[in-house]
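> File follows, entry_7.cif with mmCIF, C-alpha atoms and all ligand atoms:
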```cif
data_run
#
loop_
_atom_site.label_atom_id
_atom_site.label_comp_id
_atom_site.auth_asym_id
_atom_site.auth_seq_id
_atom_site.Cartn_x
_atom_site.Cartn_y
_atom_site.Cartn_z
CA MET A 22 253.96 61.52 13.29
CA ASN A 23 251.70 58.55 12.85
CA ASP A 24 250.85 56.12 15.63
CA ILE A 25 253.29 53.51 14.39
CA SER A 26 256.19 55.99 14.46
CA THR A 27 255.31 57.07 17.97
CA ARG A 28 254.96 53.52 19.26
CA LEU A 29 258.11 52.34 17.51
CA GLU A 30 260.07 55.15 19.06
CA ARG A 31 258.70 54.31 22.49
CA VAL A 32 259.58 50.62 22.10
CA ARG A 33 263.11 51.51 21.00
CA ALA A 34 263.55 53.77 24.01
CA GLN A 35 262.30 50.99 26.31
CA ILE A 36 264.77 48.55 24.75
CA VAL A 37 267.68 50.91 25.33
CA ALA A 38 266.58 51.61 28.90
CA ALA A 39 266.12 47.90 29.71
CA ALA A 40 269.54 47.03 28.31
CA GLN A 41 271.16 49.82 30.30
CA THR A 42 269.39 48.73 33.48
CA ALA A 43 270.83 45.25 32.95
CA GLY A 44 274.32 46.60 32.22
CA ARG A 45 274.10 45.38 28.63
CA ASP A 46 274.95 47.09 25.37
CA PRO A 47 271.62 48.07 23.73
CA ALA A 48 273.13 47.11 20.36
CA GLU A 49 272.98 43.46 21.50
CA VAL A 50 269.18 43.55 21.38
CA GLN A 51 267.49 43.37 18.00
CA LEU A 52 263.85 44.32 17.53
CA VAL A 53 261.68 42.04 15.39
CA ALA A 54 258.47 43.91 14.56
CA VAL A 55 255.73 41.27 14.51
CA SER A 56 253.61 42.20 11.52
CA LYS A 57 251.22 39.22 11.46
CA THR A 58 247.69 40.30 10.49
CA GLN A 59 248.97 43.85 9.83
CA ASP A 60 248.49 45.25 6.35
CA VAL A 61 251.21 46.23 3.89
CA PRO A 62 250.87 50.02 4.45
CA SER A 63 251.51 49.46 8.17
CA VAL A 64 254.68 47.50 7.43
CA ARG A 65 255.74 50.27 5.04
CA LYS A 66 255.32 52.88 7.75
CA ALA A 67 257.57 50.92 10.06
CA LEU A 68 260.10 50.47 7.24
CA ASP A 69 260.06 54.23 6.63
CA ASP A 70 260.86 54.65 10.30
CA GLY A 71 263.96 52.51 9.95
CA GLN A 72 262.59 49.16 11.16
CA ASN A 73 264.01 46.53 8.81
CA THR A 74 263.14 43.18 10.40
CA PHE A 75 259.62 41.77 10.64
CA GLY A 76 258.18 38.60 12.13
CA GLU A 77 255.38 36.57 10.58
CA SER A 78 253.76 33.49 12.06
CA ARG A 79 251.69 32.17 9.17
CA ALA A 80 253.37 30.86 6.04
CA GLN A 81 250.59 31.86 3.67
CA GLU A 82 250.49 35.39 4.98
CA LEU A 83 254.26 35.75 4.63
CA VAL A 84 254.21 34.39 1.09
CA ALA A 85 251.49 36.88 0.15
CA LYS A 86 253.06 39.88 1.89
CA ALA A 87 256.76 39.57 1.10
CA PRO A 88 256.51 40.31 -2.66
CA LEU A 89 254.56 43.51 -1.93
CA LEU A 90 257.40 44.99 0.10
CA PRO A 91 260.97 45.96 -0.83
CA SER A 92 263.30 43.01 -1.33
CA SER A 93 265.57 44.47 1.37
CA THR A 94 262.89 43.77 4.00
CA ARG A 95 264.08 41.07 6.40
CA TRP A 96 261.60 38.41 7.38
CA HIS A 97 261.73 36.12 10.40
CA PHE A 98 259.37 33.20 10.77
CA ILE A 99 258.08 32.95 14.33
CA GLY A 100 255.04 30.63 14.22
CA HIS A 101 254.46 26.91 14.13
CA LEU A 102 255.71 25.76 10.73
CA GLN A 103 253.86 22.98 8.92
CA ARG A 104 256.03 20.63 6.91
CA ASN A 105 254.19 21.34 3.67
CA LYS A 106 255.01 25.06 3.98
CA ILE A 107 258.77 24.72 4.46
CA ARG A 108 259.65 24.90 0.77
CA LYS A 109 257.68 28.11 0.27
CA ILE A 110 259.10 30.07 3.16
CA LEU A 111 262.74 28.96 3.20
CA PRO A 112 263.84 31.26 0.38
CA LEU A 113 262.08 34.22 2.02
CA VAL A 114 263.29 34.12 5.61
CA GLU A 115 266.50 35.16 7.27
CA LEU A 116 265.81 33.26 10.52
CA ILE A 117 263.27 30.69 11.72
CA HIS A 118 262.65 31.19 15.45
CA SER A 119 260.22 28.35 15.89
CA VAL A 120 261.79 24.99 15.08
CA ASP A 121 259.83 22.97 17.61
CA SER A 122 260.67 19.32 16.90
CA MET A 123 263.40 17.07 15.60
CA GLU A 124 261.20 16.03 12.68
CA LEU A 125 260.72 19.62 11.60
CA ALA A 126 264.47 20.29 11.82
CA GLN A 127 265.14 17.21 9.68
CA ASP A 128 262.56 18.24 7.09
CA ILE A 129 263.97 21.76 6.91
CA ASP A 130 267.43 20.31 6.48
CA ARG A 131 266.37 18.02 3.65
CA ILE A 132 264.49 20.73 1.76
CA ALA A 133 267.34 23.21 2.31
CA GLU A 134 269.66 20.73 0.64
CA GLU A 135 267.34 20.54 -2.37
CA LEU A 136 267.15 24.33 -2.56
CA GLY A 137 270.84 24.88 -1.96
CA LEU A 138 270.26 26.87 1.24
CA PHE A 139 271.78 26.90 4.74
CA PRO A 140 268.90 28.14 6.91
CA ARG A 141 269.57 29.84 10.25
CA ILE A 142 267.29 28.48 12.94
CA LEU A 143 266.43 28.77 16.63
CA LEU A 144 264.98 25.92 18.67
CA GLU A 145 261.70 26.73 20.37
CA VAL A 146 261.58 25.52 23.96
CA ASN A 147 258.42 24.99 25.97
CA VAL A 148 260.04 26.01 29.25
CA ALA A 149 256.79 26.18 31.18
CA GLY A 150 255.71 22.70 30.05
CA GLU A 151 252.36 24.01 28.85
CA VAL A 152 250.35 21.21 27.28
CA ALA A 153 248.88 23.26 24.45
CA LYS A 154 252.17 24.82 23.37
CA PHE A 155 254.68 23.77 20.76
CA GLY A 156 258.37 23.42 21.50
CA PHE A 157 261.03 21.07 22.80
CA LYS A 158 260.71 20.17 26.43
CA PRO A 159 264.00 21.07 28.12
CA ASP A 160 264.93 17.41 28.65
CA ALA A 161 264.18 16.53 25.04
CA LEU A 162 266.37 19.40 23.91
CA ARG A 163 269.23 18.16 26.08
CA GLU A 164 268.85 14.66 24.65
CA GLN A 165 268.42 15.63 21.02
CA PHE A 166 270.82 18.52 20.74
CA GLU A 167 273.82 16.52 19.53
CA THR A 168 271.68 14.93 16.81
CA LEU A 169 270.40 18.34 15.73
CA LEU A 170 274.00 19.45 15.30
CA THR A 171 274.65 16.64 12.84
CA LEU A 172 272.16 18.09 10.35
CA PRO A 173 274.45 19.45 7.64
CA ARG A 174 272.33 22.35 6.42
CA VAL A 175 270.60 24.01 9.36
CA GLN A 176 272.62 26.42 11.47
CA VAL A 177 271.42 26.28 15.07
CA GLU A 178 272.02 29.77 16.43
CA GLY A 179 270.09 29.79 19.67
CA LEU A 180 266.84 29.25 21.55
CA MET A 181 263.41 30.83 21.57
CA THR A 182 260.51 30.73 24.01
CA ILE A 183 257.05 32.17 24.50
CA ALA A 184 256.35 32.83 28.16
CA PRO A 185 252.91 31.87 29.48
CA PHE A 186 250.44 34.74 29.53
CA ALA A 187 250.98 36.83 32.66
CA GLU A 188 249.14 39.79 34.14
CA ARG A 189 252.37 41.26 35.42
CA PRO A 190 255.50 41.26 33.24
CA ASP A 191 257.60 40.16 36.18
CA ASP A 192 255.70 36.86 36.32
CA ALA A 193 257.36 35.95 33.01
CA ARG A 194 260.86 36.39 34.41
CA PRO A 195 261.40 32.81 35.69
CA PHE A 196 260.70 31.41 32.23
CA PHE A 197 263.23 33.73 30.61
CA THR A 198 265.79 32.85 33.26
CA LYS A 199 265.15 29.16 32.57
CA LEU A 200 265.70 29.60 28.86
CA ARG A 201 268.97 31.44 29.47
CA ASP A 202 270.18 28.81 31.93
CA LEU A 203 269.29 26.02 29.51
CA ARG A 204 271.18 27.85 26.76
CA ASP A 205 274.23 28.23 29.01
CA GLU A 206 274.12 24.56 29.92
CA VAL A 207 273.71 23.27 26.35
CA ALA A 208 276.24 25.73 24.95
CA THR A 209 278.84 24.74 27.52
CA GLY A 210 278.17 21.04 27.00
CA SER A 211 278.38 21.20 23.21
CA GLY A 212 280.83 24.02 22.56
CA VAL A 213 278.26 25.64 20.24
CA PRO A 214 277.76 29.28 21.34
CA LEU A 215 273.97 29.54 20.84
CA ALA A 216 274.36 33.30 21.03
CA THR A 217 270.76 34.13 20.16
CA LEU A 218 267.96 34.19 22.72
CA SER A 219 264.58 35.11 21.21
CA MET A 220 262.29 35.98 24.09
CA GLY A 221 259.95 38.78 25.06
CA MET A 222 256.77 40.13 23.42
CA SER A 223 254.81 43.37 23.85
CA GLY A 224 253.86 42.59 27.44
CA ASP A 225 257.19 41.34 28.72
CA PHE A 226 260.09 42.38 26.48
CA VAL A 227 261.62 44.67 29.10
CA VAL A 228 261.92 41.77 31.54
CA ALA A 229 263.22 39.49 28.78
CA ILE A 230 266.01 41.96 27.96
CA GLU A 231 266.96 42.11 31.63
CA GLU A 232 267.27 38.31 31.48
CA GLY A 233 269.43 38.25 28.35
CA ALA A 234 267.18 38.41 25.27
CA THR A 235 269.02 39.27 22.05
CA LEU A 236 265.88 39.24 19.89
CA VAL A 237 262.54 40.60 21.07
CA ARG A 238 259.38 39.93 19.07
CA VAL A 239 257.06 42.90 19.49
CA GLY A 240 253.74 43.24 17.67
CA THR A 241 250.89 45.14 19.28
CA ALA A 242 253.15 47.62 21.10
CA ILE A 243 254.26 48.81 17.64
CA PHE A 244 251.27 48.26 15.36
CA GLY A 245 248.41 48.50 17.82
CA PRO A 246 245.82 45.79 18.40
CA ARG A 247 245.48 43.03 15.84
CA THR A 248 242.12 42.89 14.12
CA ASN A 249 242.30 39.14 13.86
CA PRO A 250 244.42 37.70 16.68
C1 LIG B 301 252.14 37.31 17.87
C2 LIG B 301 253.47 36.90 18.37
C3 LIG B 301 254.33 37.82 19.00
C4 LIG B 301 253.97 39.27 19.25
O1 LIG B 301 252.99 39.40 20.21
P1 LIG B 301 252.60 40.84 20.81
O2 LIG B 301 252.02 40.54 22.12
O3 LIG B 301 251.64 41.45 19.85
O4 LIG B 301 253.85 41.63 20.90
C5 LIG B 301 255.57 37.38 19.42
N1 LIG B 301 255.96 36.10 19.25
C6 LIG B 301 255.17 35.18 18.65
C7 LIG B 301 255.65 33.80 18.49
C8 LIG B 301 253.90 35.55 18.20
O5 LIG B 301 253.11 34.63 17.62
#
```
Once more with this new file: its structure as structure tokens, please.

Amino acid sequence: MNDISTRLERVRAQIVAAAQTAGRDPAEVQLVAVSKTQDVPSVRKALDDGQNTFGESRAQELVAKAPLLPSSTRWHFIGHLQRNKIRKILPLVELIHSVDSMELAQDIDRIAEELGLFPRILLEVNVAGEVAKFGFKPDALREQFETLLTLPRVQVEGLMTIAPFAERPDDARPFFTKLRDLRDEVATGSGVPLATLSMGMSGDFVVAIEEGATLVRVGTAIFGPRTNP
């Protein structure tokens, strides 16, 4: 067994254990293998081990990599998306986790109309209020949510967050709880289920699952360290 197989198996076991600890069905938690900076053979190894969904955070890298892998490979976009890259990635991705402003949502909607697509999206929330991070502030999300729902093309399926870097996984817990509470509040207020919560990375996905994550974005715990982080 190669390293990727071993690590992937360990991550899967941790996902199942975390879900069971939280009294959740492990099938509710989907693993997105974050393949940014990883080469095509590494992605192939993970595919051979049954991993079918991969996350990329740079448009150019996704556009270069996707044609080199089977067309059945599922791609999620998880990074900050520049407006001039929307047209290129929309036909390639199954879900965009990182819609971080009203303007971006509107641009995606307009281009989706031109391309005849109905993109599935998540809204990225800056729950910790970190200055250097992208994402809706919780209050802005509350204010703008109804307007986002009027966009005819984009399908808003849930929320995403990146917890601040923490030495101990448990330090990330309050941010995951906040995202879940915000989801509950906005879903109840709007009647839109927002069933998807994308939260948790290599260092904190166990805690995120305990707090309700349905998508975890795990890179280094599967592929090993990135050469170019
Ligand atoms: C890189 C990245 C990840 C994965 O990070 P790891 O710590 O390697 O698991 C998850 N989410 C986003 C948005 C990322 O950019």
> Using all atoms listed in the file, can you list as a ChimeraX atom specification the residues within 10 Å of (270.7, 45.6, 31.8)?
/A:36-47,227-228,230-233
> Compile a residue-level contact table for chain A against ligand LIG 301 (chain B) at a cut-off of 10 Å, reporting for every qualifying residue the shortest atom pair and its distance in Å to one decimal, with all atoms listed in the file counted, rows ordered by chain and ascending number, as JSON lines.

```
{"residue": "A:Val53", "atom": "CA", "partner": "B:LIG301", "partner_atom": "C5", "distance": 8.7}
{"residue": "A:Ala54", "atom": "CA", "partner": "B:LIG301", "partner_atom": "C4", "distance": 8.0}
{"residue": "A:Val55", "atom": "CA", "partner": "B:LIG301", "partner_atom": "C4", "distance": 5.4}
{"residue": "A:Ser56", "atom": "CA", "partner": "B:LIG301", "partner_atom": "C1", "distance": 8.1}
{"residue": "A:Lys57", "atom": "CA", "partner": "B:LIG301", "partner_atom": "C1", "distance": 6.8}
{"residue": "A:Thr58", "atom": "CA", "partner": "B:LIG301", "partner_atom": "C1", "distance": 9.1}
{"residue": "A:Gly76", "atom": "CA", "partner": "B:LIG301", "partner_atom": "C5", "distance": 7.8}
{"residue": "A:Glu77", "atom": "CA", "partner": "B:LIG301", "partner_atom": "O5", "distance": 7.6}
{"residue": "A:Ser78", "atom": "CA", "partner": "B:LIG301", "partner_atom": "O5", "distance": 5.7}
{"residue": "A:Arg79", "atom": "CA", "partner": "B:LIG301", "partner_atom": "O5", "distance": 8.9}
{"residue": "A:Phe98", "atom": "CA", "partner": "B:LIG301", "partner_atom": "C7", "distance": 8.6}
{"residue": "A:Ile99", "atom": "CA", "partner": "B:LIG301", "partner_atom": "C7", "distance": 4.9}
{"residue": "A:Gly100", "atom": "CA", "partner": "B:LIG301", "partner_atom": "C7", "distance": 5.4}
{"residue": "A:His101", "atom": "CA", "partner": "B:LIG301", "partner_atom": "C7", "distance": 8.2}
{"residue": "A:His118", "atom": "CA", "partner": "B:LIG301", "partner_atom": "C7", "distance": 8.1}
{"residue": "A:Ser119", "atom": "CA", "partner": "B:LIG301", "partner_atom": "C7", "distance": 7.6}
{"residue": "A:Glu145", "atom": "CA", "partner": "B:LIG301", "partner_atom": "C7", "distance": 9.5}
{"residue": "A:Met181", "atom": "CA", "partner": "B:LIG301", "partner_atom": "C7", "distance": 8.9}
{"residue": "A:Thr182", "atom": "CA", "partner": "B:LIG301", "partner_atom": "C7", "distance": 8.0}
{"residue": "A:Ile183", "atom": "CA", "partner": "B:LIG301", "partner_atom": "C7", "distance": 6.4}
{"residue": "A:Ala184", "atom": "CA", "partner": "B:LIG301", "partner_atom": "N1", "distance": 9.5}
{"residue": "A:Phe186", "atom": "CA", "partner": "B:LIG301", "partner_atom": "O2", "distance": 9.5}
{"residue": "A:Ser219", "atom": "CA", "partner": "B:LIG301", "partner_atom": "N1", "distance": 8.9}
{"residue": "A:Met220", "atom": "CA", "partner": "B:LIG301", "partner_atom": "N1", "distance": 8.0}
{"residue": "A:Gly221", "atom": "CA", "partner": "B:LIG301", "partner_atom": "C5", "distance": 7.3}
{"residue": "A:Met222", "atom": "CA", "partner": "B:LIG301", "partner_atom": "O4", "distance": 4.1}
{"residue": "A:Ser223", "atom": "CA", "partner": "B:LIG301", "partner_atom": "O4", "distance": 3.6}
{"residue": "A:Gly224", "atom": "CA", "partner": "B:LIG301", "partner_atom": "O2", "distance": 6.0}
{"residue": "A:Asp225", "atom": "CA", "partner": "B:LIG301", "partner_atom": "O2", "distance": 8.4}
{"residue": "A:Phe226", "atom": "CA", "partner": "B:LIG301", "partner_atom": "O4", "distance": 8.4}
{"residue": "A:Val237", "atom": "CA", "partner": "B:LIG301", "partner_atom": "C5", "distance": 7.9}
{"residue": "A:Arg238", "atom": "CA", "partner": "B:LIG301", "partner_atom": "C5", "distance": 4.6}
{"residue": "A:Val239", "atom": "CA", "partner": "B:LIG301", "partner_atom": "O4", "distance": 3.7}
{"residue": "A:Gly240", "atom": "CA", "partner": "B:LIG301", "partner_atom": "O3", "distance": 3.5}
{"residue": "A:Thr241", "atom": "CA", "partner": "B:LIG301", "partner_atom": "O3", "distance": 3.8}
{"residue": "A:Ala242", "atom": "CA", "partner": "B:LIG301", "partner_atom": "O4", "distance": 6.0}
{"residue": "A:Ile243", "atom": "CA", "partner": "B:LIG301", "partner_atom": "O4", "distance": 7.9}
{"residue": "A:Phe244", "atom": "CA", "partner": "B:LIG301", "partner_atom": "O3", "distance": 8.2}
{"residue": "A:Gly245", "atom": "CA", "partner": "B:LIG301", "partner_atom": "O3", "distance": 8.0}
{"residue": "A:Pro246", "atom": "CA", "partner": "B:LIG301", "partner_atom": "O3", "distance": 7.4}
{"residue": "A:Arg247", "atom": "CA", "partner": "B:LIG301", "partner_atom": "O3", "distance": 7.5}
{"residue": "A:Pro250", "atom": "CA", "partner": "B:LIG301", "partner_atom": "C1", "distance": 7.8}
```
> For Leu218 (chain A), list every protein, DNA or RNA residue within 7 Å, evaluated using all atoms listed in the file, and leave out those in the same chain fewer than 3 positions away; present the list as an mmCIF file with C-alpha atoms, in the frame of the given file.

```
data_model
loop_
_atom_site.group_PDB
_atom_site.id
_atom_site.type_symbol
_atom_site.label_atom_id
_atom_site.label_comp_id
_atom_site.auth_asym_id
_atom_site.auth_seq_id
_atom_site.Cartn_x
_atom_site.Cartn_y
_atom_site.Cartn_z
ATOM 1 C CA GLY A 179 270.090 29.790 19.670
ATOM 2 C CA LEU A 180 266.840 29.250 21.550
ATOM 3 C CA MET A 181 263.410 30.830 21.570
ATOM 4 C CA ALA A 234 267.180 38.410 25.270
ATOM 5 C CA THR A 235 269.020 39.270 22.050
ATOM 6 C CA LEU A 236 265.880 39.240 19.890
#
```
> Go through A:Gly156, A:Ser92, A:Gln176, A:Glu206 one by one, measure the shortest atom-to-atom distance of each to Ile129 (chain A) using all atoms listed in the file, and give the residue with the smallest value.
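Under the stated criterion, the closest residue is A:Gln176.
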> I need the residue nearest Ile142 (chain A) from this list: A:Ser63, A:Gln127, A:Ser26, A:Thr198. Use all atoms listed in the file for the distance.
A:Gln127
> For Phe139 (chain A), work out the shell of residues within 9 Å, counting only C-alpha atoms and skipping chain neighbours fewer than 5 positions away, then give it as a list in words.
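Those residues are Asp130, Ala133, Glu134, Pro173, Arg174, Val175 and Gln176 of chain A.
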> Any idea what the distance is between CA of Asn147 (chain A) and CA of Asp121 (chain A)?
8.7 Å
> Please compute the CA of Ser122 (chain A)-CA of Phe157 (chain A) distance, one decimal, in Å.
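For CA of Ser122 (chain A) relative to CA of Phe157 (chain A), the distance reads 6.2 Å.
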> If you measure from CA of Leu162 (chain A) to CA of Ile117 (chain A), what distance in Å do you get, rounded to one decimal?
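If I compute the distance from CA of Leu162 (chain A) to CA of Ile117 (chain A), I get 16.9 Å.
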> Name the closest residue to Gly150 (chain A) among the candidates A:Arg95, A:Arg31, A:Lys66, A:Lys199; distances are taken between atoms, counting all atoms listed in the file.
A:Lys199
> Between A:Leu215, A:Leu102, A:Pro112, A:Val146, which one has atoms that come closest to Phe197 (chain A), using only C-alpha atoms?
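Among the listed residues, the smallest separation from Phe197 (chain A) belongs to A:Val146.
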> Take the point (275.4, 31.2, 21.4) in the file's coordinates, draw a sphere of radius 10 Å around it, and report as an MDAnalysis selection string every protein, DNA or RNA residue with an atom inside or on it, counting only C-alpha atoms.
chainID A and resid 177:180 204:205 207:209 212:218
> Pick the closest to Ser211 (chain A) from A:Val114, A:Leu143, A:Ala153, A:Leu170: which is it, counting all atoms listed in the file?
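Selected residue with least distance to Ser211 (chain A): A:Leu170.
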> Between A:Val64, A:Ala80, A:Ile110, A:Ala48, which residue has the minimum interatomic distance to Thr94 (chain A), considering only C-alpha atoms?
A:Val64
> Quick one: residues within 9 Å of Leu136 (chain A), all atoms listed in the file, excluding same-chain residues fewer than 5 positions away - as a ChimeraX atom specification?
/A:108,111-112,131
> Can you fill out region 169-186 of chain A with N, CA, C and O atoms and hand it back as an mmCIF file, in the coordinates of the input?

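That gives us part_25.cif:
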```cif
data_model
loop_
_atom_site.group_PDB
_atom_site.id
_atom_site.type_symbol
_atom_site.label_atom_id
_atom_site.label_comp_id
_atom_site.auth_asym_id
_atom_site.auth_seq_id
_atom_site.Cartn_x
_atom_site.Cartn_y
_atom_site.Cartn_z
ATOM 1 N N LEU A 169 270.745 17.148 16.512
ATOM 2 C CA LEU A 169 270.400 18.340 15.730
ATOM 3 C C LEU A 169 271.648 18.953 15.088
ATOM 4 O O LEU A 169 271.598 19.451 13.968
ATOM 5 N N LEU A 170 272.752 18.866 15.821
ATOM 6 C CA LEU A 170 274.000 19.450 15.300
ATOM 7 C C LEU A 170 274.561 18.673 14.120
ATOM 8 O O LEU A 170 275.374 19.196 13.368
ATOM 9 N N THR A 171 274.134 17.417 13.965
ATOM 10 C CA THR A 171 274.650 16.640 12.840
ATOM 11 C C THR A 171 273.950 16.982 11.530
ATOM 12 O O THR A 171 274.403 16.559 10.469
ATOM 13 N N LEU A 172 272.856 17.717 11.596
ATOM 14 C CA LEU A 172 272.160 18.090 10.350
ATOM 15 C C LEU A 172 273.081 19.038 9.572
ATOM 16 O O LEU A 172 273.499 20.076 10.090
ATOM 17 N N PRO A 173 273.407 18.690 8.334
ATOM 18 C CA PRO A 173 274.450 19.450 7.640
ATOM 19 C C PRO A 173 274.030 20.852 7.190
ATOM 20 O O PRO A 173 274.879 21.719 7.006
ATOM 21 N N ARG A 174 272.758 21.087 7.005
ATOM 22 C CA ARG A 174 272.330 22.350 6.420
ATOM 23 C C ARG A 174 271.904 23.403 7.434
ATOM 24 O O ARG A 174 272.221 24.577 7.299
ATOM 25 N N VAL A 175 271.127 22.990 8.434
ATOM 26 C CA VAL A 175 270.600 24.010 9.360
ATOM 27 C C VAL A 175 271.698 24.502 10.309
ATOM 28 O O VAL A 175 272.538 23.727 10.762
ATOM 29 N N GLN A 176 271.676 25.791 10.548
ATOM 30 C CA GLN A 176 272.620 26.420 11.470
ATOM 31 C C GLN A 176 271.853 26.765 12.737
ATOM 32 O O GLN A 176 271.043 27.681 12.728
ATOM 33 N N VAL A 177 272.136 26.033 13.814
ATOM 34 C CA VAL A 177 271.420 26.280 15.070
ATOM 35 C C VAL A 177 272.099 27.431 15.804
ATOM 36 O O VAL A 177 273.223 27.302 16.283
ATOM 37 N N GLU A 178 271.391 28.560 15.881
ATOM 38 C CA GLU A 178 272.020 29.770 16.430
ATOM 39 C C GLU A 178 271.570 30.120 17.839
ATOM 40 O O GLU A 178 272.126 31.034 18.449
ATOM 41 N N GLY A 179 270.528 29.437 18.326
ATOM 42 C CA GLY A 179 270.090 29.790 19.670
ATOM 43 C C GLY A 179 268.734 29.197 20.005
ATOM 44 O O GLY A 179 268.277 28.250 19.351
ATOM 45 N N LEU A 180 268.109 29.767 21.029
ATOM 46 C CA LEU A 180 266.840 29.250 21.550
ATOM 47 C C LEU A 180 265.781 30.353 21.559
ATOM 48 O O LEU A 180 266.094 31.544 21.611
ATOM 49 N N MET A 181 264.536 29.902 21.535
ATOM 50 C CA MET A 181 263.410 30.830 21.570
ATOM 51 C C MET A 181 262.372 30.289 22.541
ATOM 52 O O MET A 181 262.233 29.067 22.696
ATOM 53 N N THR A 182 261.666 31.180 23.226
ATOM 54 C CA THR A 182 260.510 30.730 24.010
ATOM 55 C C THR A 182 259.408 31.778 24.005
ATOM 56 O O THR A 182 259.645 32.959 23.722
ATOM 57 N N ILE A 183 258.203 31.304 24.271
ATOM 58 C CA ILE A 183 257.050 32.170 24.500
ATOM 59 C C ILE A 183 256.646 31.944 25.954
ATOM 60 O O ILE A 183 256.286 30.827 26.328
ATOM 61 N N ALA A 184 256.727 32.982 26.757
ATOM 62 C CA ALA A 184 256.350 32.830 28.160
ATOM 63 C C ALA A 184 254.833 32.682 28.271
ATOM 64 O O ALA A 184 254.102 33.219 27.435
ATOM 65 N N PRO A 185 254.354 31.954 29.276
ATOM 66 C CA PRO A 185 252.910 31.870 29.480
ATOM 67 C C PRO A 185 252.332 33.275 29.700
ATOM 68 O O PRO A 185 253.021 34.153 30.201
ATOM 69 N N PHE A 186 251.067 33.442 29.328
ATOM 70 C CA PHE A 186 250.440 34.740 29.530
ATOM 71 C C PHE A 186 250.496 35.116 31.012
ATOM 72 O O PHE A 186 250.229 34.304 31.891
#
```
